[in-house]
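Participant: Input model.cif, format and content: mmCIF, C-alpha atoms.
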data_target
loop_
_atom_site.label_atom_id
_atom_site.label_comp_id
_atom_site.auth_asym_id
_atom_site.auth_seq_id
_atom_site.Cartn_x
_atom_site.Cartn_y
_atom_site.Cartn_z
CA MET X 177 0.00 0.00 0.00
CA LEU X 178 1.03 3.58 -0.59
CA HIS X 179 0.85 5.89 2.42
CA ILE X 180 1.17 9.66 2.57
CA PHE X 181 1.61 11.13 6.03
CA TYR X 182 1.51 14.87 6.55
CA SER X 183 1.05 17.41 9.32
CA ARG X 184 0.02 20.49 7.35
CA LEU X 185 -1.88 20.18 4.12
CA ARG X 186 0.27 22.37 1.91
CA MET X 187 0.00 22.63 -1.85
CA GLU X 188 2.57 19.83 -2.07
CA GLU X 189 0.65 17.26 -0.03
CA LYS X 190 -2.57 18.03 -1.85
CA ALA X 191 -0.80 17.65 -5.20
CA LEU X 192 0.53 14.24 -4.12
CA TYR X 193 -2.92 13.11 -3.03
CA LYS X 194 -4.53 14.31 -6.26
CA ALA X 195 -1.84 12.63 -8.36
CA ALA X 196 -2.41 9.32 -6.56
CA ALA X 197 -6.17 9.65 -6.99
CA ALA X 198 -5.78 10.48 -10.68
CA ARG X 199 -3.84 7.24 -11.14
CA GLY X 200 -6.56 5.24 -9.41
CA THR X 201 -4.14 4.36 -6.62
CA GLU X 202 -5.45 3.40 -3.21
CA VAL X 203 -3.63 5.71 -0.82
CA ASP X 204 -3.64 5.96 2.96
CA PHE X 205 -3.57 9.76 3.35
CA ARG X 206 -3.51 10.89 6.97
CA ASP X 207 -2.51 13.71 9.27
CA ALA X 208 0.29 12.23 11.38
CA GLY X 209 -0.58 14.66 14.14
CA ASP X 210 -3.80 12.73 14.76
CA LEU X 211 -2.10 9.34 15.03
CA VAL X 212 -0.67 7.24 17.86
CA TRP X 213 2.07 4.70 17.24
CA PRO X 214 1.49 1.75 17.01
CA ASP X 215 -2.28 1.84 17.58
CA ASP X 216 -3.16 3.77 14.46
CA PHE X 217 -0.68 2.06 12.14
CA GLU X 218 -2.12 -1.44 11.96
CA ASN X 219 -2.57 -1.04 8.22
CA VAL X 220 1.16 -0.43 7.72
CA GLY X 221 3.58 -3.24 7.03
CA PRO X 222 6.48 -4.69 5.03
CA GLY X 223 6.22 -4.07 1.32
CA ASP X 224 4.54 -0.70 1.82
CA VAL X 225 5.88 2.65 0.68
CA ALA X 226 5.31 5.85 2.69
CA LEU X 227 5.82 9.43 1.60
CA CYS X 228 6.58 11.21 4.87
CA ARG X 229 5.67 14.87 4.51
CA CYS X 230 5.44 16.23 8.04
CA VAL X 231 6.52 19.86 8.15
CA SER X 232 8.35 19.29 11.44
CA GLN X 233 11.71 17.68 10.74
CA THR X 234 11.72 16.09 14.21
CA GLN X 235 8.29 14.56 13.65
CA ASN X 236 9.20 13.38 10.17
CA ILE X 237 12.42 11.69 11.28
CA ALA X 238 10.64 9.93 14.16
CA LEU X 239 7.91 8.74 11.81
CA THR X 240 10.34 7.41 9.20
CA GLN X 241 12.33 5.56 11.86
CA LEU X 242 9.20 3.91 13.21
CA LEU X 243 7.97 2.98 9.75
CA GLU X 244 11.32 1.65 8.56
CA GLY X 245 11.48 -0.44 11.73
CA ARG X 246 8.36 -2.15 10.50
CA GLY X 247 9.79 -2.78 7.05
CA VAL X 248 8.17 0.14 5.28
CA ARG X 249 10.14 1.88 2.57
CA THR X 250 10.02 5.58 3.47
CA ILE X 251 10.60 8.47 1.10
CA ASN X 252 12.94 9.82 2.13
CA PRO X 253 14.60 7.27 4.41
CA PRO X 254 15.45 8.60 7.89
CA GLU X 255 19.20 8.71 7.27
CA THR X 256 18.69 11.12 4.38
CA MET X 257 16.42 13.33 6.48
CA LEU X 258 18.91 13.30 9.35
CA LEU X 259 21.77 14.22 7.04
CA CYS X 260 19.94 16.98 5.21
CA GLY X 261 18.48 18.34 8.44
CA ASP X 262 21.98 18.97 9.76
CA LYS X 263 23.98 21.54 7.81
CA ILE X 264 27.21 20.59 9.58
CA ALA X 265 26.82 16.92 8.66
CA THR X 266 25.96 17.92 5.10
CA ALA X 267 28.99 20.22 4.80
CA ALA X 268 31.25 17.47 6.14
CA LEU X 269 29.89 15.00 3.59
CA LEU X 270 30.31 17.45 0.71
CA ASP X 271 33.90 18.10 1.76
CA ARG X 272 34.62 14.39 2.01
CA GLU X 273 33.22 13.88 -1.48
CA LYS X 274 35.04 16.94 -2.84
CA ILE X 275 31.78 18.58 -3.93
CA PRO X 276 32.30 22.35 -4.12
CA GLN X 277 30.50 24.46 -1.51
CA PRO X 278 31.02 27.83 0.20
CA ALA X 279 34.01 27.88 2.54
CA TRP X 280 32.81 27.05 6.06
CA ARG X 281 33.86 26.73 9.66
CA VAL X 282 32.35 25.23 12.81
CA ALA X 283 33.12 26.56 16.28
CA SER X 284 31.62 26.02 19.72
CA SER X 285 32.76 28.96 21.83
CA PHE X 286 32.57 32.73 21.62
CA ASP X 287 36.28 33.21 20.90
CA ALA X 288 36.44 30.34 18.43
CA ALA X 289 33.40 31.59 16.54
CA VAL X 290 34.84 35.07 16.14
CA LYS X 291 38.16 33.58 15.12
CA ALA X 292 36.40 31.37 12.58
CA ALA X 293 34.58 34.33 11.05
CA GLU X 294 37.80 36.32 10.83
CA SER X 295 39.63 33.42 9.20
CA LEU X 296 36.92 33.19 6.53
CA GLY X 297 36.93 36.97 6.05
CA TYR X 298 33.85 39.16 6.25
CA PRO X 299 31.10 39.05 5.22
CA VAL X 300 30.14 35.68 6.61
CA VAL X 301 26.79 34.00 7.20
CA PHE X 302 25.85 32.37 10.50
CA LYS X 303 23.33 29.59 9.96
CA PRO X 304 21.57 27.37 12.47
CA ALA X 305 22.83 23.81 11.95
CA ALA X 306 19.16 22.80 11.78
CA GLY X 307 16.81 25.26 10.17
CA SER X 308 14.91 26.07 7.05
CA TRP X 309 13.09 28.69 5.02
CA GLY X 310 15.94 31.13 5.60
CA ARG X 311 15.12 31.46 9.29
CA LEU X 312 17.71 32.90 11.67
CA LEU X 313 20.35 33.44 9.02
CA ALA X 314 22.68 36.29 9.88
CA LYS X 315 24.93 38.00 7.37
CA VAL X 316 27.77 39.53 9.35
CA SER X 317 30.01 42.19 7.85
CA ASP X 318 32.41 43.13 10.65
CA ARG X 319 33.87 42.02 13.96
CA GLU X 320 31.54 44.10 16.13
CA ALA X 321 28.44 42.59 14.53
CA CYS X 322 30.02 39.15 14.76
CA GLU X 323 30.58 39.47 18.49
CA ALA X 324 26.99 40.60 19.00
CA ILE X 325 25.52 37.74 16.95
CA VAL X 326 27.63 35.14 18.70
CA GLU X 327 26.65 36.45 22.13
CA HIS X 328 22.98 36.48 21.21
CA LYS X 329 23.11 32.97 19.76
CA GLN X 330 24.78 31.66 22.90
CA HIS X 331 21.65 32.69 24.79
CA MET X 332 19.39 30.76 22.41
CA GLY X 333 20.22 27.34 23.83
CA PRO X 334 22.57 24.49 22.99
CA ALA X 335 21.32 24.03 19.43
CA HIS X 336 22.52 27.55 18.58
CA SER X 337 25.79 27.36 20.52
CA VAL X 338 27.56 25.25 17.93
CA PHE X 339 28.24 27.81 15.26
CA TYR X 340 28.07 26.92 11.58
CA ILE X 341 29.59 29.77 9.58
CA GLN X 342 29.79 30.09 5.81
CA LYS X 343 31.77 32.54 3.77
CA TYR X 344 29.24 34.87 2.13
CA VAL X 345 29.00 34.20 -1.59
CA GLU X 346 28.27 37.01 -4.05
CA LYS X 347 25.85 35.05 -6.18
CA GLY X 348 24.60 37.72 -8.53
CA GLY X 349 21.15 38.11 -6.98
CA PHE X 350 19.97 34.56 -7.55
CA ASP X 351 20.49 30.94 -6.71
CA LEU X 352 19.26 27.79 -8.41
CA ARG X 353 17.09 25.07 -6.99
CA ALA X 354 17.02 21.62 -8.51
CA VAL X 355 14.37 19.14 -7.43
CA MET X 356 15.80 15.66 -7.76
CA ILE X 357 13.68 12.52 -7.95
CA GLY X 358 15.49 9.18 -7.85
CA GLY X 359 18.82 10.87 -8.46
CA ARG X 360 17.73 12.75 -11.58
CA THR X 361 16.75 16.37 -12.07
CA ALA X 362 12.97 16.84 -12.26
CA THR X 363 13.00 20.65 -12.26
CA LEU X 364 15.54 23.41 -12.26
CA MET X 365 14.61 26.95 -11.36
CA LYS X 366 16.28 30.25 -10.69
CA ARG X 367 15.28 32.17 -7.56
CA ALA X 368 16.00 35.85 -7.93
CA SER X 369 15.76 38.45 -5.21
CA SER X 370 17.16 41.83 -4.33
CA HIS X 371 17.57 40.41 -0.81
CA TRP X 372 20.63 38.28 -0.11
CA ILE X 373 18.35 35.44 1.07
CA THR X 374 16.81 33.90 -2.06
CA ASN X 375 14.31 31.43 -0.59
CA THR X 376 10.88 31.57 -2.22
CA ALA X 377 9.58 31.40 1.37
CA ARG X 378 11.19 34.83 1.72
CA GLY X 379 9.71 36.26 -1.45
CA ALA X 380 12.24 35.35 -4.14
CA THR X 381 10.83 35.14 -7.67
CA PRO X 382 11.02 31.68 -9.26
CA GLU X 383 11.64 31.16 -12.98
CA PRO X 384 12.93 28.28 -15.10
CA PHE X 385 16.66 27.98 -15.81
CA PRO X 386 18.42 25.99 -18.54
CA MET X 387 20.57 23.05 -17.51
CA ASP X 388 24.24 22.87 -18.51
CA ALA X 389 26.57 19.88 -18.47
CA GLU X 390 28.69 21.08 -15.54
CA LEU X 391 25.62 21.76 -13.44
CA GLU X 392 23.99 18.47 -14.29
CA ALA X 393 27.12 16.56 -13.35
CA LEU X 394 27.31 18.40 -10.03
CA LEU X 395 23.64 17.75 -9.23
CA ASN X 396 23.85 14.06 -10.14
CA ARG X 397 27.00 13.57 -8.08
CA THR X 398 25.51 15.39 -5.10
CA ALA X 399 22.29 13.39 -5.20
CA LYS X 400 24.27 10.19 -5.40
CA VAL X 401 26.41 10.85 -2.32
CA VAL X 402 23.46 12.15 -0.27
CA GLY X 403 21.21 9.20 -1.18
CA GLY X 404 17.48 9.19 -0.70
CA ASP X 405 14.82 9.67 -3.33
CA PHE X 406 13.49 13.18 -3.21
CA LEU X 407 15.87 16.10 -2.70
CA ALA X 408 16.14 19.78 -3.42
CA ILE X 409 19.67 20.99 -4.09
CA ASP X 410 20.40 24.72 -3.86
CA VAL X 411 23.27 25.95 -5.98
CA PHE X 412 25.20 29.22 -6.26
CA GLY X 413 26.98 30.47 -9.36
CA THR X 414 30.51 31.73 -8.77
CA PRO X 415 33.34 32.78 -11.10
CA GLU X 416 34.93 29.40 -10.33
CA GLY X 417 31.78 27.47 -11.26
CA TRP X 418 28.64 26.10 -9.60
CA ILE X 419 28.79 25.27 -5.90
CA VAL X 420 26.28 23.51 -3.64
CA ASN X 421 24.85 25.67 -0.89
CA GLU X 422 22.29 23.44 0.81
CA ILE X 423 20.41 20.19 0.33
CA ASN X 424 16.83 19.72 1.51
CA GLY X 425 15.60 16.28 2.48
CA GLN X 426 11.86 16.93 2.61
CA PRO X 427 11.45 19.57 -0.08
CA GLU X 428 8.56 21.78 -0.88
CA PHE X 429 8.00 22.22 -4.59
CA HIS X 430 5.29 24.83 -5.15
CA GLY X 431 7.87 27.30 -6.47
CA SER X 432 9.37 24.70 -8.81
CA VAL X 433 5.94 23.86 -10.21
CA ALA X 434 5.12 27.55 -10.67
CA ALA X 435 8.41 28.21 -12.43
CA THR X 436 8.58 25.18 -14.68
CA GLY X 437 5.05 23.80 -15.05
CA VAL X 438 6.38 20.33 -14.30
CA ASP X 439 3.96 18.09 -12.40
CA VAL X 440 6.36 17.30 -9.55
CA GLY X 441 3.62 15.70 -7.48
CA GLY X 442 2.76 13.35 -10.34
CA LEU X 443 6.41 12.43 -10.88
CA MET X 444 6.80 11.69 -7.18
CA ILE X 445 3.73 9.45 -7.12
CA ASP X 446 4.97 7.60 -10.23
CA TYR X 447 8.31 7.12 -8.51
CA ALA X 448 6.66 5.91 -5.29
CA LEU X 449 4.46 3.48 -7.24
CA ASP X 450 7.54 2.11 -9.01
CA SER X 451 9.13 1.60 -5.59
CA LEU X 452 5.97 -0.12 -4.38
CA LYS X 453 5.97 -2.39 -7.41
CA SER X 454 9.60 -3.33 -6.92
CA ARG X 455 8.82 -4.39 -3.35
CA SER X 456 5.99 -6.67 -4.33
CA PRO X 457 6.75 -10.38 -4.78
CA GLY X 458 9.02 -10.65 -7.80
CA GLY X 459 10.23 -7.06 -7.35
CA GLY X 460 13.50 -6.31 -5.68
CA ALA X 461 14.96 -2.82 -5.70
CA SER X 462 15.39 -0.99 -2.41
CA HIS X 463 16.83 2.42 -1.62
CA VAL X 464 18.43 4.41 -4.39
CA MET S 96 -16.55 27.92 -4.04
CA GLY S 97 -17.37 28.61 -0.38
CA VAL S 98 -16.83 31.77 1.58
CA VAL S 99 -15.99 32.03 5.28
CA LYS S 100 -15.14 34.93 7.54
CA CYS S 101 -11.51 35.39 8.48
CA PRO S 102 -11.36 34.85 12.29
CA VAL S 103 -8.76 37.61 12.57
CA CYS S 104 -10.05 40.49 10.41
CA ASP S 105 -13.58 39.37 9.51
CA ALA S 106 -12.93 39.65 5.77
CA ASP S 107 -14.49 37.17 3.35
CA VAL S 108 -12.13 34.31 2.52
CA ARG S 109 -12.85 32.25 -0.56
CA VAL S 110 -12.37 28.49 -0.26
CA ALA S 111 -12.09 26.32 -3.37
CA ASP S 112 -14.64 23.59 -4.02
CA ASP S 113 -11.97 20.91 -3.76
CA ALA S 114 -10.67 22.14 -0.40
CA MET S 115 -9.69 19.48 2.13
CA VAL S 116 -9.62 19.49 5.92
CA GLY S 117 -6.15 20.63 6.98
CA GLU S 118 -5.59 22.72 3.86
CA LEU S 119 -3.89 26.06 4.35
CA LEU S 120 -5.26 29.35 3.06
CA THR S 121 -4.14 32.93 3.31
CA CYS S 122 -6.54 35.75 4.05
CA ALA S 123 -6.14 38.23 1.20
CA ASP S 124 -7.02 41.15 3.47
CA CYS S 125 -4.87 40.66 6.59
CA GLY S 126 -2.44 37.99 5.35
CA VAL S 127 -2.98 35.59 8.25
CA GLU S 128 -2.53 31.92 7.47
CA LEU S 129 -5.68 29.88 7.99
CA GLU S 130 -6.38 26.17 8.19
CA VAL S 131 -9.58 24.52 7.00
CA THR S 132 -10.91 22.64 10.02
CA ALA S 133 -14.23 21.38 8.65
CA LEU S 134 -16.05 21.26 5.32
CA ASP S 135 -19.67 20.97 6.39
CA PRO S 136 -20.18 23.53 7.63
CA LEU S 137 -17.09 25.22 6.24
CA THR S 138 -14.89 26.51 9.08
CA VAL S 139 -11.36 27.86 9.30
CA GLU S 140 -9.04 28.68 12.19
CA GLU S 141 -5.71 30.43 12.45
CA ALA S 142 -2.99 27.99 11.39
CA PRO S 143 -0.40 27.03 14.03
CA GLU S 144 2.63 29.29 14.43
CA VAL S 145 5.77 28.15 12.63
CA GLN S 146 8.03 26.08 14.89
CA GLU S 147 11.81 26.09 14.92
CA ASP S 148 12.19 22.70 13.23
CA TRP S 149 9.63 23.30 10.51
CA GLY S 150 10.80 23.43 6.95
CA GLU S 151 12.16 21.46 4.08
#
Let me see the structure of the file written as structure tokens.
Facilitator:
Amino acid sequence: MLHIFYSRLRMEEKALYKAAAARGTEVDFRDAGDLVWPDDFENVGPGDVALCRCVSQTQNIALTQLLEGRGVRTINPPETMLLCGDKIATAALLDREKIPQPAWRVASSFDAAVKAAESLGYPVVFKPAAGSWGRLLAKVSDREACEAIVEHKQHMGPAHSVFYIQKYVEKGGFDLRAVMIGGRTATLMKRASSHWITNTARGATPEPFPMDAELEALLNRTAKVVGGDFLAIDVFGTPEGWIVNEINGQPEFHGSVAATGVDVGGLMIDYALDSLKSRSPGGGASHV
Amino acid sequence: MGVVKCPVCDADVRVADDAMVGELLTCADCGVELEVTALDPLTVEEAPEVQEDWGE
């Protein structure tokens, strides 16, 4: 059986449901916030595929771990969500795999954080290791501002007291977002904004963008090392070439649909149904 | 298409015929995010505030 679990019914979850219905697929479509494990999951078992679309990363990871423990194939699997939900872990993986990204540092004390920022050279960007939609990003242009940000973050609790700092990248007023399904690019869009944060959640304008060979190779390689099934890879253009800024493990795609017209929800359901088929007797494939 | 009153500013909010319980809407007048809580009768409430771990 195909399951779709959600916690807020965004455009994305509705598109997935409609795509499944349009294909005549029986789908268990439920608000995970209403459910108790294991009482409300008696209809879930080995051979099933679940699209886990909770907006809370913590809730989504817990759900995928529970489901995978019962033999359900989750999209994405929990290890992909854990990796993508942690910018430090993602940066470490990209470094290990020699995938280009903005220069970065991690520090865990006031003095070390200021030292890290100075070693990168201003401006720098402080990012929460776990966070999304451009929340709590701080572009810091000098030492005085850096000291203030670090002090403030230290009062925001342990999660904000390990400092992930990127060198600010002059990206020409836009970044790119690629939605990847099964390791291949489904959509590619440009997000332009006069603000240095180019998330569509922050008002950036989405439009389609043509693929080039260098970019495609970078996206394919990144998706391969990250694993999982459904990713959004954010890319900056620099004079030295394309670099990966962030990777999202439970992506929204309303902006990608608006920019490209591609039926991302339909592609995802087709992919999930293929996964379901491969898990039926006589099938075979598992995680990508 | 149904119409409900925004619980924040009392403006009319249009709800599509294919709306589902849990669907999110935005009030065009005040910009508040609303959640459809029932279809018959049609009701909406303010959507929950964004939490720190929400996102992609």
Participant: For the file shown, report as a list of chain:residue names the outcome of the PyMOL selection byres ((chain X) within 6 of (chain S)) at residue level.
Facilitator: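 Here the PyMOL selection byres ((chain X) within 6 of (chain S)) matches X:Leu185, X:Val231, X:Ser232, X:Gln233, X:Ser308, X:Asn424, X:Gln426, X:Pro427.
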Participant: Which of these residues is nearest to Asp113 in chain S, using all atoms listed in the file: X:Phe412, X:Ala191, X:Arg353, X:Glu422?
Facilitator: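 Smallest distance to Asp113 in chain S is found for X:Ala191.
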Participant: So how far away is CA of Ala435 in chain X from CA of Gly379 in chain X, in Å?
Facilitator: 13.7 Å
Participant: Go ahead and compute the interatomic distance for CA of Thr414 in chain X and CA of Leu364 in chain X, in Å to one decimal.
Facilitator: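 Computed distance, CA of Thr414 in chain X to CA of Leu364 in chain X, equals 17.5 Å.
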Participant: Quick one: residues within 12 Å of Pro334 in chain X, only C-alpha atoms, excluding same-chain residues fewer than 2 positions away - as a list of chain:residue names?
Facilitator: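 In the requested form, the answer reads X:Ser284, X:Ser285, X:Pro304, X:Ala305, X:Ala306, X:Lys329, X:Gln330, X:His331, X:Met332, X:His336, X:Ser337, X:Val338, X:Phe339.
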Participant: If the PyMOL selection byres ((chain S and resi 125) around 9) were run on this exact file, what residues would it hold? Put them as a PDB file with C-alpha atoms, in the coordinates of the input.
Facilitator:
ATOM      1  CA  CYS S 101     -11.510  35.390   8.480  1.00  0.00           C
ATOM      2  CA  VAL S 103      -8.760  37.610  12.570  1.00  0.00           C
ATOM      3  CA  CYS S 104     -10.050  40.490  10.410  1.00  0.00           C
ATOM      4  CA  ALA S 106     -12.930  39.650   5.770  1.00  0.00           C
ATOM      5  CA  THR S 121      -4.140  32.930   3.310  1.00  0.00           C
ATOM      6  CA  CYS S 122      -6.540  35.750   4.050  1.00  0.00           C
ATOM      7  CA  ALA S 123      -6.140  38.230   1.200  1.00  0.00           C
ATOM      8  CA  ASP S 124      -7.020  41.150   3.470  1.00  0.00           C
ATOM      9  CA  GLY S 126      -2.440  37.990   5.350  1.00  0.00           C
ATOM     10  CA  VAL S 127      -2.980  35.590   8.250  1.00  0.00           C
TER      11      VAL S 127
END
Participant: Select, from X:Pro276, X:Pro457, X:Pro214, X:Gly348, the residue with the minimum atom-to-atom distance to Gly245 in chain X, counting all atoms listed in the file.
Facilitator: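 Going through X:Pro276, X:Pro457, X:Pro214, X:Gly348 one by one, the smallest distance to Gly245 in chain X is for X:Pro214.
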Participant: Quick one: residues within 8 Å of Val440 in chain X, all atoms listed in the file, excluding same-chain residues fewer than 2 positions away - as a PyMOL selection string?
Facilitator: chain X and resi 362-363+429+433+438+442-444
Participant: Determine the nearest neighbour of Ile275 in chain X from the options X:Trp418, X:Tyr447, X:Tyr340, X:Phe406, counting only C-alpha atoms.
Facilitator: X:Trp418
Participant: Can you tell me how far CA of Asn252 in chain X sits from CA of Thr398 in chain X, in Å to one decimal?
Facilitator: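 Taking CA of Asn252 in chain X and CA of Thr398 in chain X, their separation equals 15.5 Å.
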Participant: Which residues are close to Val108 in chain S, i.e. within 6 Å by all atoms listed in the file, leaving aside same-chain residues fewer than 5 positions away? Reply as a PyMOL selection string.
Facilitator: chain S and resi 98-100+122
Participant: I need the output of the PyMOL selection byres ((chain S and resi 137) around 9) for this file as a compact mmCIF listing (two decimals) with C-alpha atoms, keeping the file's coordinate frame; which residues are they?
Facilitator:
# COMPACT_ATOMS: atom_id res chain seq x y z
CA GLY S 97 -17.37 28.61 -0.38
CA VAL S 98 -16.83 31.77 1.58
CA VAL S 99 -15.99 32.03 5.28
CA VAL S 110 -12.37 28.49 -0.26
CA VAL S 131 -9.58 24.52 7.00
CA THR S 132 -10.91 22.64 10.02
CA ALA S 133 -14.23 21.38 8.65
CA LEU S 134 -16.05 21.26 5.32
CA ASP S 135 -19.67 20.97 6.39
CA PRO S 136 -20.18 23.53 7.63
CA THR S 138 -14.89 26.51 9.08
CA VAL S 139 -11.36 27.86 9.30
